[in-house]
Amino acid sequence: MMINNNFNKARQEISSLIGAENVFCDTISCLLNGFDGSPVKSVPQAVLNIKKPETLWPLINLLIKYKIPYTPRACATNHDGAAVPLKGGVILNLKPLNKIEKIDTKKGIAVVQSGVINQDLQEALAEEGFFFAGDPASGAFCTLGANAALNSGGAKTLKYGSTLANVLAADLVTSTGALMHLERNFQGPDLLSLLLKSEGTLCVISRLWLKILPLPKQKITIQADFKNLDQAMKSVEEIIACGIVPSALEALDEIALNTPGKEASLLIELEEESSLEKVKNICARNNVLDFIIVDEKEAKNLWIKRKEACSALARLNKAVISLDPCVARSDLALAIKKIKEILNNYQIKAGIVFHAGDGNIHPNIVCDPSNLYANAQISKAIKEIYAFIGSIGASISAEHGIGIEKRAAMSFMYDEKTLNLMRQIKTILDPFNLANPDKILPLATKSLKEPYASKQKNIIALQEKIKEAKEINIKETLLSEVKEILELDKKNWLVKVQAGCPVSELEAFLNKHKMSLPIDSSFEGTIGKAFAGGAFKTMADFVTELEFILPNGEIYNIGGKNVKNVAGYDLIRFLCGSMGVYALITALTIRVFAKDTKEPLPAKEQGTFSPASIHKSLKSIFDKENKFNKLEDFNVFKLKKQSVEKPRF
């Protein structure tokens with residue numbers, strides 16, 4: 001235990017605030033709150049039960065005042081050490097914040113405290129004929145606050161999006177001690193997503209407003225078994241390529257299935273009967289062994305089997321280590337073969353389950369924590385896996401987060417300047433490093449990734465112009481020479497385009513391929529303006545990669561062709577609606593859909609924006625010399641009053 005003498009000084013004030021009965025310093029309480037689903041353990045000095053959301057703000061300000069590290073924790077089901085109090089301090093036990101405060105089916109909103117169990121909400125919603133799209137495999141025992149903090153995905157991500165895509169608003173306390181209510185539709189940069197998905201390093205969540213949806217009128221569940229993985233992956237590729245978006249598209253390998261002779265099995269859930277025959281024909285072309293439409297009872301059993309695959313594998317030994325890289329769908333077969341090759345080289349047994357529709361792979365490694373040699377071999381294998389994932393431009397984490405376990409592996413994925421940008425965000429918003437300290441970012445490891453440099457001549461020319469200028473007004477005319485459509489990836493249903501390309505031209509190009517954008521194609525302006533101008537506040541849900549230039553002329557590239565990425569701070573979402581104040585967006589990779597199969601996002605009305613102090617702090621990181629658009633001149637698309645921010649102490 002790391003002893004912080006300041007806690008003893010603050011203990012009386014803390015007890016007065018939350019009640020002495022909610023302050024635990026005994027050995028058993030501290031030991032029981034010193035671990036999560038990872039192998040890492042560290043004992044806190046105290047455990048503080050949070051029973052009322054309104055106590056979080058004054059409590060965190062007390063902790064800041066006395067310089068006491070704090071770690072948010074609820075059910076601690078995460079795999080990577082995010083809930084481990086690495087520097088001791090106190091655990092903020094959010095599990096008592098377990099009230100479902102409101103379900104409004106007319107408005108499609110559920111208001112919940114952050115400690116509500118995902119499945120408890122799902123069961124309450126089912127009684128009303130609704131569901132919440134966030135559906136992680138650990139839904140029976142993980143909390144919604146943690147789902148938001150990690151941007152958890154699950155089986156339904158492909159069709160309905162991950163957790164953040166379904167969070168409408170939140171009450172939270174920032175690491176600077178500010179109490180904020182943020183909404184996704186607030187204008188300006190997406191501060192909500194940046195703070196929420198920070199694994200507790202930038203804020204603590206007290207309450208969430210979630211988007212809820214009516215239960216589908218029908219569900220058709222299919223089990224399709226294949227002799228080899230290539231046949232299964234070819235089926236997945238063709239299902240997506242013909243414009244079908246299943247509500248779930250999962251896969252299990254032979255170890256997870258425990259069925260010799262079948263290398264892979266797909267679980268396919270459809271909500272439109274019209275797609276069934278197409279899916280059947282695709283699987284038949286790829287030599288499916290069995291194509292079974294299961295009844296409702298058997299479907300329920302299949303999904304239970306899929307969700308319990310990780311814990312079932314643990315019975316093969318004493319424990320299981322679950323990884324969660326995400327690759328482009330077209331790289332799935334390659335990635336799985338390479339991961340299996342690495343594991344076999346080290347004689348490591350693992351079952352692999354994966355969200356085939358969005359390329360999220362879960363190698364579940366069975367192990368014995370007491371076998372030191374085997375654990376050393378596992379560590380080497382995991383490092384090789386992450387190095388491989390980084391080499392193909394994919395993500396080391398799709399939904400589990402980084403925590404402690406993957407910190408060093410961030411160096412395979414991001415170049416040094418990108419890691420430093422994220423470090424600066426942490427430093428400016430948590431200057432004393434108290435909020436879940438020493439998580440996410442490498443502490444000492446230097447990046448092993450080459451610095452990003454654009455290969456496009458027009459982008460390089462623009463970069464030089466920005467370097468030489470003393471002040472630049474970011475507007476559409478600046479991007480008049482940067483408007484090329486760079487790539488249409490039909491296998492992964494992605495288009496890469498420079499920011500100056502008019503939306504009308506891009507949509508016309510896509511229409512020739514029977515595809516369309518996820519936004520209203522009648523928008524008059526460039527694709528860069530649609531993203532950075534705030535016209536489409538949820539457009540970031542469909543952007544998988546972003547290239548941008550900072551005022552100092554440095555160029556960055558975040559993301560790739562993988563649909564899910566929770567590695568590090570969410571700069572893609574943050575820059576959505578940023579209106580040239582923080583960076584100049586130069587290129588985007590966007591998910592596209594079969595024409596007329598998706599309701600496009602509508603554009604918002606124009607208005608103004610009033611920045612809070614946190615926006616100004618972030619401005620000092622991205623634009624130290626105030627060279628780009630000024631915060632005080634921030635004219636964007638306004639919906640409603642901005643966030644309420646209370647001063648510290």
# chains A, B, ... in the order shown; residues from 1 in each chain; ligands from 1

call {"tool": "residues_around", "arguments": {"residues": "Glu277 of chain A", "least_positions_apart": "6", "cutoff": "12 Å", "atoms": "only C-alpha atoms", "output": "PyMOL selection string"}}
result
chain A and resi 220+222+239+244+270+283-284+291+293

call {"tool": "residues_around", "arguments": {"residues": "Asp331 of chain A", "least_positions_apart": "2", "cutoff": "12 Å", "atoms": "only C-alpha atoms", "output": "PyMOL selection string"}}
result
chain A and resi 230+233-234+236-237+325-329+333-339+356-361+388-389+392-394+491-492+561-562

call {"tool": "select_by_dssp", "arguments": {"residues": "segment 80-160 of chain A", "states": "strand (DSSP E)", "output": "list in words"}}
result
Val90, Ile91, Leu92, Asn93, Ile100, Glu101, Lys102, Ile103, Asp104, Ile109, Ala110, Val111, Val112, Gln113, Phe130 and Phe131 of chain A

call {"tool": "write_last_selection", "arguments": {"atoms": "C-alpha atoms", "output": "PDB file, in the first residue's frame"}}
result
ATOM      1  CA  VAL A  90      -8.535   6.155  -2.857  1.00  0.00           C
ATOM      2  CA  ILE A  91     -11.010   4.032  -4.764  1.00  0.00           C
ATOM      3  CA  LEU A  92     -14.214   5.818  -5.745  1.00  0.00           C
ATOM      4  CA  ASN A  93     -16.699   2.950  -5.523  1.00  0.00           C
ATOM      5  CA  ILE A 100     -32.435   3.727 -13.423  1.00  0.00           C
ATOM      6  CA  GLU A 101     -33.863   7.208 -12.989  1.00  0.00           C
ATOM      7  CA  LYS A 102     -36.101   7.439 -16.032  1.00  0.00           C
ATOM      8  CA  ILE A 103     -37.198   5.528 -19.123  1.00  0.00           C
ATOM      9  CA  ASP A 104     -38.956   7.704 -21.693  1.00  0.00           C
ATOM     10  CA  ILE A 109     -34.160   8.109 -23.757  1.00  0.00           C
ATOM     11  CA  ALA A 110     -33.108   6.290 -20.591  1.00  0.00           C
ATOM     12  CA  VAL A 111     -31.511   8.262 -17.747  1.00  0.00           C
ATOM     13  CA  VAL A 112     -29.255   6.106 -15.572  1.00  0.00           C
ATOM     14  CA  GLN A 113     -26.669   6.516 -12.864  1.00  0.00           C
ATOM     15  CA  PHE A 130     -37.139  -1.357 -26.097  1.00  0.00           C
ATOM     16  CA  PHE A 131     -33.397  -2.091 -25.894  1.00  0.00           C
TER      17      PHE A 131
END

call {"tool": "residues_around", "arguments": {"residues": "Ala46 of chain A", "least_positions_apart": "3", "cutoff": "9 Å", "atoms": "only C-alpha atoms", "output": "mmCIF file with N, CA and C atoms, in the first residue's frame"}}
result
data_model
loop_
_atom_site.group_PDB
_atom_site.id
_atom_site.type_symbol
_atom_site.label_atom_id
_atom_site.label_comp_id
_atom_site.auth_asym_id
_atom_site.auth_seq_id
_atom_site.Cartn_x
_atom_site.Cartn_y
_atom_site.Cartn_z
ATOM 1 N N PHE A 7 -4.153 11.955 2.906
ATOM 2 C CA PHE A 7 -5.462 11.354 3.132
ATOM 3 C C PHE A 7 -5.858 11.467 4.604
ATOM 4 N N VAL A 23 -16.585 5.409 4.387
ATOM 5 C CA VAL A 23 -15.126 5.493 4.266
ATOM 6 C C VAL A 23 -14.522 4.225 4.879
ATOM 7 N N PHE A 24 -13.874 3.411 4.033
ATOM 8 C CA PHE A 24 -13.326 2.128 4.489
ATOM 9 C C PHE A 24 -11.801 2.133 4.335
ATOM 10 N N CYS A 25 -11.114 1.914 5.440
ATOM 11 C CA CYS A 25 -9.652 1.851 5.421
ATOM 12 C C CYS A 25 -9.130 0.502 5.914
ATOM 13 N N ASP A 26 -10.045 -0.411 6.214
ATOM 14 C CA ASP A 26 -9.617 -1.713 6.728
ATOM 15 C C ASP A 26 -8.935 -2.538 5.634
ATOM 16 N N SER A 29 -11.245 -4.530 2.959
ATOM 17 C CA SER A 29 -11.884 -3.654 1.955
ATOM 18 C C SER A 29 -10.861 -3.180 0.930
ATOM 19 N N CYS A 30 -9.683 -2.808 1.395
ATOM 20 C CA CYS A 30 -8.657 -2.312 0.475
ATOM 21 C C CYS A 30 -8.147 -3.419 -0.443
ATOM 22 N N VAL A 43 -2.937 -1.985 -3.928
ATOM 23 C CA VAL A 43 -3.894 -1.767 -2.842
ATOM 24 C C VAL A 43 -4.096 -0.266 -2.586
ATOM 25 N N GLY A 88 -2.006 3.922 -5.377
ATOM 26 C CA GLY A 88 -2.668 3.902 -4.075
ATOM 27 C C GLY A 88 -3.806 4.893 -4.044
ATOM 28 N N GLY A 89 -3.752 5.838 -3.109
ATOM 29 C CA GLY A 89 -4.815 6.821 -3.010
ATOM 30 C C GLY A 89 -6.127 6.176 -2.624
ATOM 31 N N VAL A 90 -7.216 6.667 -3.220
ATOM 32 C CA VAL A 90 -8.535 6.155 -2.857
ATOM 33 C C VAL A 90 -9.251 5.566 -4.066
ATOM 34 N N ILE A 91 -10.082 4.579 -3.778
ATOM 35 C CA ILE A 91 -11.010 4.032 -4.764
ATOM 36 C C ILE A 91 -12.334 4.774 -4.617
ATOM 37 N N LEU A 92 -12.858 5.271 -5.730
ATOM 38 C CA LEU A 92 -14.214 5.818 -5.745
ATOM 39 C C LEU A 92 -15.139 4.683 -6.170
#

call {"tool": "select_by_dssp", "arguments": {"residues": "segment 387-437 of chain A", "states": "alpha helix (DSSP H)", "output": "count of residues only"}}
result
23
